[in-house]
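In what follows, a single structure is set out as structure tokens and then discussed.
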Amino acid sequence: QVRLVESGGGSVQPGGSQKLSCAVSGIFFSIRAMGWYRQAPGKERELVASITGGGYTNYADSVKGRFIISRDNAKNTVALQMNSLKPEDTAVYYCNVVGVQGTYWGQGTQVAVSS
């Protein structure tokens, strides 16, 4: 059974930093890409950042220069370092894995940015 377990969410003040981590287990096939999505109240889920096995990264324009995605292929983990956080970054963040046998999601972790 494929499992994605996120950690690292919580409350933070504007301008602060936070790191999200996602541990993937139960996958015995190739992973094409790993990433993070987010969904704010009343909005659709959107891509935040993604990274391929070869290290190619893609970021939403709203987080470029502030967020950094990284991946450990050997451990099947993906992390999102979030810096200079803004209130508009408040959302539930979801870990995502795209493999040759399907797409998988974590349960989500809440990030709240407020003073």
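Just remember, in the structure tokens the first chain shown is A, the second B, etc., residues are 1-based per chain, and ligands are 1-based in the order shown.
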With a distance cut-off of 10 Å and only C-alpha atoms, select the neighbouring residues of Tyr104 of chain A, excluding the residue or stretch itself and same-chain residues fewer than 2 positions from it, and output the selection as a PDB file with all heavy atoms, in the first residue's frame.
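Generated file (around15.pdb):
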```
ATOM      1  N   VAL A   2       0.602   2.139  -0.909  1.00  0.00           N
ATOM      2  CA  VAL A   2       1.379   3.376  -1.011  1.00  0.00           C
ATOM      3  C   VAL A   2       0.945   4.351   0.082  1.00  0.00           C
ATOM      4  O   VAL A   2      -0.244   4.576   0.287  1.00  0.00           O
ATOM      5  CB  VAL A   2       1.192   4.022  -2.391  1.00  0.00           C
ATOM      6  CG1 VAL A   2       1.947   5.344  -2.458  1.00  0.00           C
ATOM      7  CG2 VAL A   2       1.659   3.079  -3.491  1.00  0.00           C
ATOM      8  N   ARG A   3       1.910   4.907   0.771  1.00  0.00           N
ATOM      9  CA  ARG A   3       1.617   5.892   1.811  1.00  0.00           C
ATOM     10  C   ARG A   3       2.521   7.099   1.642  1.00  0.00           C
ATOM     11  O   ARG A   3       3.721   6.969   1.399  1.00  0.00           O
ATOM     12  CB  ARG A   3       1.833   5.306   3.210  1.00  0.00           C
ATOM     13  CG  ARG A   3       0.840   4.235   3.614  1.00  0.00           C
ATOM     14  CD  ARG A   3       1.040   3.899   5.083  1.00  0.00           C
ATOM     15  NE  ARG A   3       0.728   5.041   5.946  1.00  0.00           N
ATOM     16  CZ  ARG A   3       1.219   5.213   7.171  1.00  0.00           C
ATOM     17  NH1 ARG A   3       2.076   4.345   7.666  1.00  0.00           N
ATOM     18  NH2 ARG A   3       0.872   6.247   7.902  1.00  0.00           N
ATOM     19  N   LEU A   4       1.924   8.281   1.777  1.00  0.00           N
ATOM     20  CA  LEU A   4       2.662   9.541   1.779  1.00  0.00           C
ATOM     21  C   LEU A   4       2.333  10.224   3.100  1.00  0.00           C
ATOM     22  O   LEU A   4       1.176  10.536   3.373  1.00  0.00           O
ATOM     23  CB  LEU A   4       2.235  10.433   0.622  1.00  0.00           C
ATOM     24  CG  LEU A   4       2.777  10.122  -0.779  1.00  0.00           C
ATOM     25  CD1 LEU A   4       2.228   8.810  -1.317  1.00  0.00           C
ATOM     26  CD2 LEU A   4       2.450  11.255  -1.732  1.00  0.00           C
ATOM     27  N   VAL A  24       7.630   8.777   1.617  1.00  0.00           N
ATOM     28  CA  VAL A  24       6.839   7.905   0.747  1.00  0.00           C
ATOM     29  C   VAL A  24       7.246   6.456   0.990  1.00  0.00           C
ATOM     30  O   VAL A  24       8.433   6.133   0.994  1.00  0.00           O
ATOM     31  CB  VAL A  24       7.053   8.265  -0.733  1.00  0.00           C
ATOM     32  CG1 VAL A  24       6.193   7.382  -1.624  1.00  0.00           C
ATOM     33  CG2 VAL A  24       6.761   9.743  -0.967  1.00  0.00           C
ATOM     34  N   MET A  34       7.988  14.157  -7.907  1.00  0.00           N
ATOM     35  CA  MET A  34       7.433  14.381  -6.581  1.00  0.00           C
ATOM     36  C   MET A  34       7.180  15.872  -6.441  1.00  0.00           C
ATOM     37  O   MET A  34       7.901  16.675  -7.060  1.00  0.00           O
ATOM     38  CB  MET A  34       8.408  13.895  -5.499  1.00  0.00           C
ATOM     39  CG  MET A  34       8.809  12.446  -5.663  1.00  0.00           C
ATOM     40  SD  MET A  34      10.034  11.914  -4.436  1.00  0.00           S
ATOM     41  CE  MET A  34       8.966  11.620  -3.021  1.00  0.00           C
ATOM     42  N   CYS A  95       1.485  16.579  -0.287  1.00  0.00           N
ATOM     43  CA  CYS A  95       2.576  15.913  -0.982  1.00  0.00           C
ATOM     44  C   CYS A  95       1.988  15.111  -2.138  1.00  0.00           C
ATOM     45  O   CYS A  95       0.891  14.545  -2.019  1.00  0.00           O
ATOM     46  CB  CYS A  95       3.302  15.000   0.001  1.00  0.00           C
ATOM     47  SG  CYS A  95       4.662  14.063  -0.704  1.00  0.00           S
ATOM     48  N   ASN A  96       2.713  15.058  -3.239  1.00  0.00           N
ATOM     49  CA  ASN A  96       2.226  14.384  -4.447  1.00  0.00           C
ATOM     50  C   ASN A  96       3.340  13.573  -5.079  1.00  0.00           C
ATOM     51  O   ASN A  96       4.479  14.022  -5.143  1.00  0.00           O
ATOM     52  CB  ASN A  96       1.714  15.450  -5.424  1.00  0.00           C
ATOM     53  CG  ASN A  96       1.445  14.909  -6.805  1.00  0.00           C
ATOM     54  OD1 ASN A  96       2.333  14.929  -7.662  1.00  0.00           O
ATOM     55  ND2 ASN A  96       0.238  14.459  -7.041  1.00  0.00           N
ATOM     56  N   VAL A  97       2.991  12.380  -5.523  1.00  0.00           N
ATOM     57  CA  VAL A  97       3.944  11.525  -6.219  1.00  0.00           C
ATOM     58  C   VAL A  97       3.305  11.045  -7.520  1.00  0.00           C
ATOM     59  O   VAL A  97       2.168  10.573  -7.516  1.00  0.00           O
ATOM     60  CB  VAL A  97       4.332  10.310  -5.352  1.00  0.00           C
ATOM     61  CG1 VAL A  97       5.058   9.269  -6.190  1.00  0.00           C
ATOM     62  CG2 VAL A  97       5.199  10.742  -4.184  1.00  0.00           C
ATOM     63  N   VAL A  98       4.041  11.181  -8.595  1.00  0.00           N
ATOM     64  CA  VAL A  98       3.602  10.689  -9.890  1.00  0.00           C
ATOM     65  C   VAL A  98       4.520   9.540 -10.279  1.00  0.00           C
ATOM     66  O   VAL A  98       5.724   9.726 -10.468  1.00  0.00           O
ATOM     67  CB  VAL A  98       3.649  11.787 -10.962  1.00  0.00           C
ATOM     68  CG1 VAL A  98       3.221  11.212 -12.313  1.00  0.00           C
ATOM     69  CG2 VAL A  98       2.751  12.955 -10.571  1.00  0.00           C
ATOM     70  N   GLY A  99       3.946   8.346 -10.362  1.00  0.00           N
ATOM     71  CA  GLY A  99       4.714   7.177 -10.726  1.00  0.00           C
ATOM     72  C   GLY A  99       4.182   6.546 -11.995  1.00  0.00           C
ATOM     73  O   GLY A  99       3.142   6.958 -12.510  1.00  0.00           O
ATOM     74  N   GLN A 101       2.744   3.897 -12.238  1.00  0.00           N
ATOM     75  CA  GLN A 101       1.504   3.175 -11.969  1.00  0.00           C
ATOM     76  C   GLN A 101       0.405   4.061 -11.396  1.00  0.00           C
ATOM     77  O   GLN A 101      -0.642   3.555 -10.988  1.00  0.00           O
ATOM     78  CB  GLN A 101       1.768   1.997 -11.029  1.00  0.00           C
ATOM     79  CG  GLN A 101       2.653   0.931 -11.642  1.00  0.00           C
ATOM     80  CD  GLN A 101       2.736  -0.319 -10.790  1.00  0.00           C
ATOM     81  OE1 GLN A 101       2.052  -0.444  -9.790  1.00  0.00           O
ATOM     82  NE2 GLN A 101       3.592  -1.243 -11.191  1.00  0.00           N
ATOM     83  N   GLY A 102       0.633   5.354 -11.346  1.00  0.00           N
ATOM     84  CA  GLY A 102      -0.430   6.220 -10.866  1.00  0.00           C
ATOM     85  C   GLY A 102       0.069   7.432 -10.112  1.00  0.00           C
ATOM     86  O   GLY A 102       1.273   7.635  -9.958  1.00  0.00           O
ATOM     87  N   GLY A 106      -0.707  12.742  -0.289  1.00  0.00           N
ATOM     88  CA  GLY A 106      -0.688  12.664   1.153  1.00  0.00           C
ATOM     89  C   GLY A 106      -1.986  13.201   1.724  1.00  0.00           C
ATOM     90  O   GLY A 106      -2.861  13.674   0.995  1.00  0.00           O
TER      91      GLY A 106
END
```
Item to check | Who sits within 8 Å of Leu47 of chain A, only C-alpha atoms, same chain under 2 positions skipped, as a list of chain:residue names | outcome: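 Here the answer would be A:Gly35, A:Trp36, A:Tyr37, A:Arg38, A:Arg45, A:Ala49, A:Ser50, A:Tyr59, A:Ala60.
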Next on the checklist: So that I can check the secondary structure, give me every residue of chain A assigned strand (DSSP E or B) by backbone DSSP, as a PyMOL selection string.
Outcome noted: chain A and resi 3-7+10-12+18-25+31-39+46-52+57-59+67-72+77-82+91-99+102-105+109-113
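Every protein, DNA or RNA residue with an atom at most 10 Å from Gly65 of chain A, where only C-alpha atoms count and chain neighbours fewer than 4 positions away do not, is listed here: Tyr59, Asp61, Met82, Asn83 and Ser84 of chain A.
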Write to file, as a PDB file, in the first residue's frame, the residues of the selection just made, with N, CA, C and O atoms.
```pdb
ATOM      1  N   TYR A  59       8.421  25.618 -10.294  1.00  0.00           N
ATOM      2  CA  TYR A  59       7.805  26.352  -9.199  1.00  0.00           C
ATOM      3  C   TYR A  59       6.660  27.221  -9.703  1.00  0.00           C
ATOM      4  O   TYR A  59       6.705  27.756 -10.811  1.00  0.00           O
ATOM      5  N   ASP A  61       4.806  30.666  -9.911  1.00  0.00           N
ATOM      6  CA  ASP A  61       5.376  32.012  -9.948  1.00  0.00           C
ATOM      7  C   ASP A  61       5.307  32.680  -8.576  1.00  0.00           C
ATOM      8  O   ASP A  61       6.201  33.441  -8.196  1.00  0.00           O
ATOM      9  N   MET A  82      10.297  26.602   2.914  1.00  0.00           N
ATOM     10  CA  MET A  82       9.517  27.797   2.626  1.00  0.00           C
ATOM     11  C   MET A  82      10.082  28.965   3.414  1.00  0.00           C
ATOM     12  O   MET A  82      10.132  28.915   4.653  1.00  0.00           O
ATOM     13  N   ASN A  83      10.513  29.975   2.713  1.00  0.00           N
ATOM     14  CA  ASN A  83      11.094  31.162   3.330  1.00  0.00           C
ATOM     15  C   ASN A  83      10.255  32.396   2.984  1.00  0.00           C
ATOM     16  O   ASN A  83       9.477  32.383   2.023  1.00  0.00           O
ATOM     17  N   SER A  84      10.456  33.434   3.758  1.00  0.00           N
ATOM     18  CA  SER A  84       9.745  34.704   3.525  1.00  0.00           C
ATOM     19  C   SER A  84       8.254  34.470   3.343  1.00  0.00           C
ATOM     20  O   SER A  84       7.629  34.953   2.390  1.00  0.00           O
TER      21      SER A  84
END
```
Next on the checklist: I'd like the neighbourhood of Cys22 of chain A as number ranges by chain, where a residue qualifies if any of its atoms comes within 7 Å (using only C-alpha atoms), though same-chain residues fewer than 2 positions away should be ignored.
Outcome noted: A: 4-7, 20, 24, 77-79, 95
Residues of the last selection are to be written out with all heavy atoms, as a PDB file, in the first residue's frame.
```pdb
ATOM      1  N   LEU A   4       1.924   8.281   1.777  1.00  0.00           N
ATOM      2  CA  LEU A   4       2.662   9.541   1.779  1.00  0.00           C
ATOM      3  C   LEU A   4       2.333  10.224   3.100  1.00  0.00           C
ATOM      4  O   LEU A   4       1.176  10.536   3.373  1.00  0.00           O
ATOM      5  CB  LEU A   4       2.235  10.433   0.622  1.00  0.00           C
ATOM      6  CG  LEU A   4       2.777  10.122  -0.779  1.00  0.00           C
ATOM      7  CD1 LEU A   4       2.228   8.810  -1.317  1.00  0.00           C
ATOM      8  CD2 LEU A   4       2.450  11.255  -1.732  1.00  0.00           C
ATOM      9  N   VAL A   5       3.339  10.460   3.905  1.00  0.00           N
ATOM     10  CA  VAL A   5       3.128  11.048   5.219  1.00  0.00           C
ATOM     11  C   VAL A   5       3.859  12.378   5.296  1.00  0.00           C
ATOM     12  O   VAL A   5       5.089  12.425   5.226  1.00  0.00           O
ATOM     13  CB  VAL A   5       3.614  10.105   6.334  1.00  0.00           C
ATOM     14  CG1 VAL A   5       3.393  10.745   7.692  1.00  0.00           C
ATOM     15  CG2 VAL A   5       2.889   8.760   6.249  1.00  0.00           C
ATOM     16  N   GLU A   6       3.074  13.442   5.430  1.00  0.00           N
ATOM     17  CA  GLU A   6       3.650  14.782   5.528  1.00  0.00           C
ATOM     18  C   GLU A   6       3.902  15.161   6.979  1.00  0.00           C
ATOM     19  O   GLU A   6       3.205  14.702   7.881  1.00  0.00           O
ATOM     20  CB  GLU A   6       2.724  15.829   4.892  1.00  0.00           C
ATOM     21  CG  GLU A   6       2.445  15.617   3.425  1.00  0.00           C
ATOM     22  CD  GLU A   6       0.990  15.318   3.157  1.00  0.00           C
ATOM     23  OE1 GLU A   6       0.330  14.786   4.075  1.00  0.00           O
ATOM     24  OE2 GLU A   6       0.509  15.609   2.044  1.00  0.00           O
ATOM     25  N   SER A   7       4.854  16.052   7.169  1.00  0.00           N
ATOM     26  CA  SER A   7       5.127  16.601   8.487  1.00  0.00           C
ATOM     27  C   SER A   7       5.690  18.007   8.326  1.00  0.00           C
ATOM     28  O   SER A   7       6.154  18.368   7.240  1.00  0.00           O
ATOM     29  CB  SER A   7       6.117  15.723   9.253  1.00  0.00           C
ATOM     30  OG  SER A   7       7.342  15.619   8.547  1.00  0.00           O
ATOM     31  N   LEU A  20       8.541  21.652   5.164  1.00  0.00           N
ATOM     32  CA  LEU A  20       7.659  20.501   5.088  1.00  0.00           C
ATOM     33  C   LEU A  20       8.438  19.299   4.570  1.00  0.00           C
ATOM     34  O   LEU A  20       9.312  19.441   3.707  1.00  0.00           O
ATOM     35  CB  LEU A  20       6.485  20.784   4.144  1.00  0.00           C
ATOM     36  CG  LEU A  20       5.637  22.018   4.445  1.00  0.00           C
ATOM     37  CD1 LEU A  20       4.510  22.133   3.419  1.00  0.00           C
ATOM     38  CD2 LEU A  20       5.092  21.986   5.841  1.00  0.00           C
ATOM     39  N   VAL A  24       7.630   8.777   1.617  1.00  0.00           N
ATOM     40  CA  VAL A  24       6.839   7.905   0.747  1.00  0.00           C
ATOM     41  C   VAL A  24       7.246   6.456   0.990  1.00  0.00           C
ATOM     42  O   VAL A  24       8.433   6.133   0.994  1.00  0.00           O
ATOM     43  CB  VAL A  24       7.053   8.265  -0.733  1.00  0.00           C
ATOM     44  CG1 VAL A  24       6.193   7.382  -1.624  1.00  0.00           C
ATOM     45  CG2 VAL A  24       6.761   9.743  -0.967  1.00  0.00           C
ATOM     46  N   THR A  77      11.988  10.544  -0.189  1.00  0.00           N
ATOM     47  CA  THR A  77      11.443  11.675   0.563  1.00  0.00           C
ATOM     48  C   THR A  77      11.531  12.939  -0.294  1.00  0.00           C
ATOM     49  O   THR A  77      12.389  13.056  -1.167  1.00  0.00           O
ATOM     50  CB  THR A  77      12.201  11.914   1.872  1.00  0.00           C
ATOM     51  OG1 THR A  77      13.581  12.167   1.574  1.00  0.00           O
ATOM     52  CG2 THR A  77      12.106  10.712   2.797  1.00  0.00           C
ATOM     53  N   VAL A  78      10.642  13.847  -0.018  1.00  0.00           N
ATOM     54  CA  VAL A  78      10.659  15.141  -0.686  1.00  0.00           C
ATOM     55  C   VAL A  78      10.380  16.207   0.362  1.00  0.00           C
ATOM     56  O   VAL A  78       9.574  15.998   1.266  1.00  0.00           O
ATOM     57  CB  VAL A  78       9.628  15.205  -1.837  1.00  0.00           C
ATOM     58  CG1 VAL A  78       8.209  14.986  -1.346  1.00  0.00           C
ATOM     59  CG2 VAL A  78       9.741  16.506  -2.603  1.00  0.00           C
ATOM     60  N   ALA A  79      11.080  17.310   0.262  1.00  0.00           N
ATOM     61  CA  ALA A  79      10.936  18.377   1.239  1.00  0.00           C
ATOM     62  C   ALA A  79      10.664  19.703   0.542  1.00  0.00           C
ATOM     63  O   ALA A  79      11.008  19.880  -0.630  1.00  0.00           O
ATOM     64  CB  ALA A  79      12.196  18.480   2.089  1.00  0.00           C
ATOM     65  N   CYS A  95       1.485  16.579  -0.287  1.00  0.00           N
ATOM     66  CA  CYS A  95       2.576  15.913  -0.982  1.00  0.00           C
ATOM     67  C   CYS A  95       1.988  15.111  -2.138  1.00  0.00           C
ATOM     68  O   CYS A  95       0.891  14.545  -2.019  1.00  0.00           O
ATOM     69  CB  CYS A  95       3.302  15.000   0.001  1.00  0.00           C
ATOM     70  SG  CYS A  95       4.662  14.063  -0.704  1.00  0.00           S
TER      71      CYS A  95
END
```
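Within 12 Å of Lys75 of chain A, once only C-alpha atoms are used and residues closer than 5 positions along the same chain are dropped, the contacting residues are Ser21, Cys22, Ala23, Val24, Ser25, Gly26, Ile27 and Ser70 of chain A.
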Export of prior selection with C-alpha atoms as a PDB file, in the first residue's frame:
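Written out: result.pdb:
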```pdb
ATOM      1  CA  SER A  21       8.724  16.907   4.634  1.00  0.00           C
ATOM      2  CA  CYS A  22       7.062  13.943   2.997  1.00  0.00           C
ATOM      3  CA  ALA A  23       8.041  10.323   3.401  1.00  0.00           C
ATOM      4  CA  VAL A  24       6.839   7.905   0.747  1.00  0.00           C
ATOM      5  CA  SER A  25       6.539   4.194   1.365  1.00  0.00           C
ATOM      6  CA  GLY A  26       5.058   1.183  -0.379  1.00  0.00           C
ATOM      7  CA  ILE A  27       6.179   2.202  -3.846  1.00  0.00           C
ATOM      8  CA  SER A  70      14.441  18.948  -2.668  1.00  0.00           C
TER       9      SER A  70
END
```
Next on the checklist: Env of Lys43 of chain A: 12 Å cut, atoms = only C-alpha atoms, seq-sep filter 5 positions within chain, self excluded. Answer as a PyMOL selection string.
Outcome noted: chain A and resi 38+88+90-92
Using C-alpha atoms, can you write the selected residues to a file as an mmCIF file, in the first residue's frame?
```cif
data_model
loop_
_atom_site.group_PDB
_atom_site.id
_atom_site.type_symbol
_atom_site.label_atom_id
_atom_site.label_comp_id
_atom_site.auth_asym_id
_atom_site.auth_seq_id
_atom_site.Cartn_x
_atom_site.Cartn_y
_atom_site.Cartn_z
ATOM 1 C CA ARG A 38 -1.669 23.544 -1.783
ATOM 2 C CA GLU A 88 -1.345 34.313 1.182
ATOM 3 C CA THR A 90 -1.770 29.957 4.156
ATOM 4 C CA ALA A 91 -3.216 26.679 2.894
ATOM 5 C CA VAL A 92 -3.277 22.949 3.332
#
```
Checklist outcome for this item: One residue among A:Ser17, A:Ser115, A:Gln107, A:Asn73 is nearest to Gly55 of chain A when using only C-alpha atoms, and that residue is A:Asn73
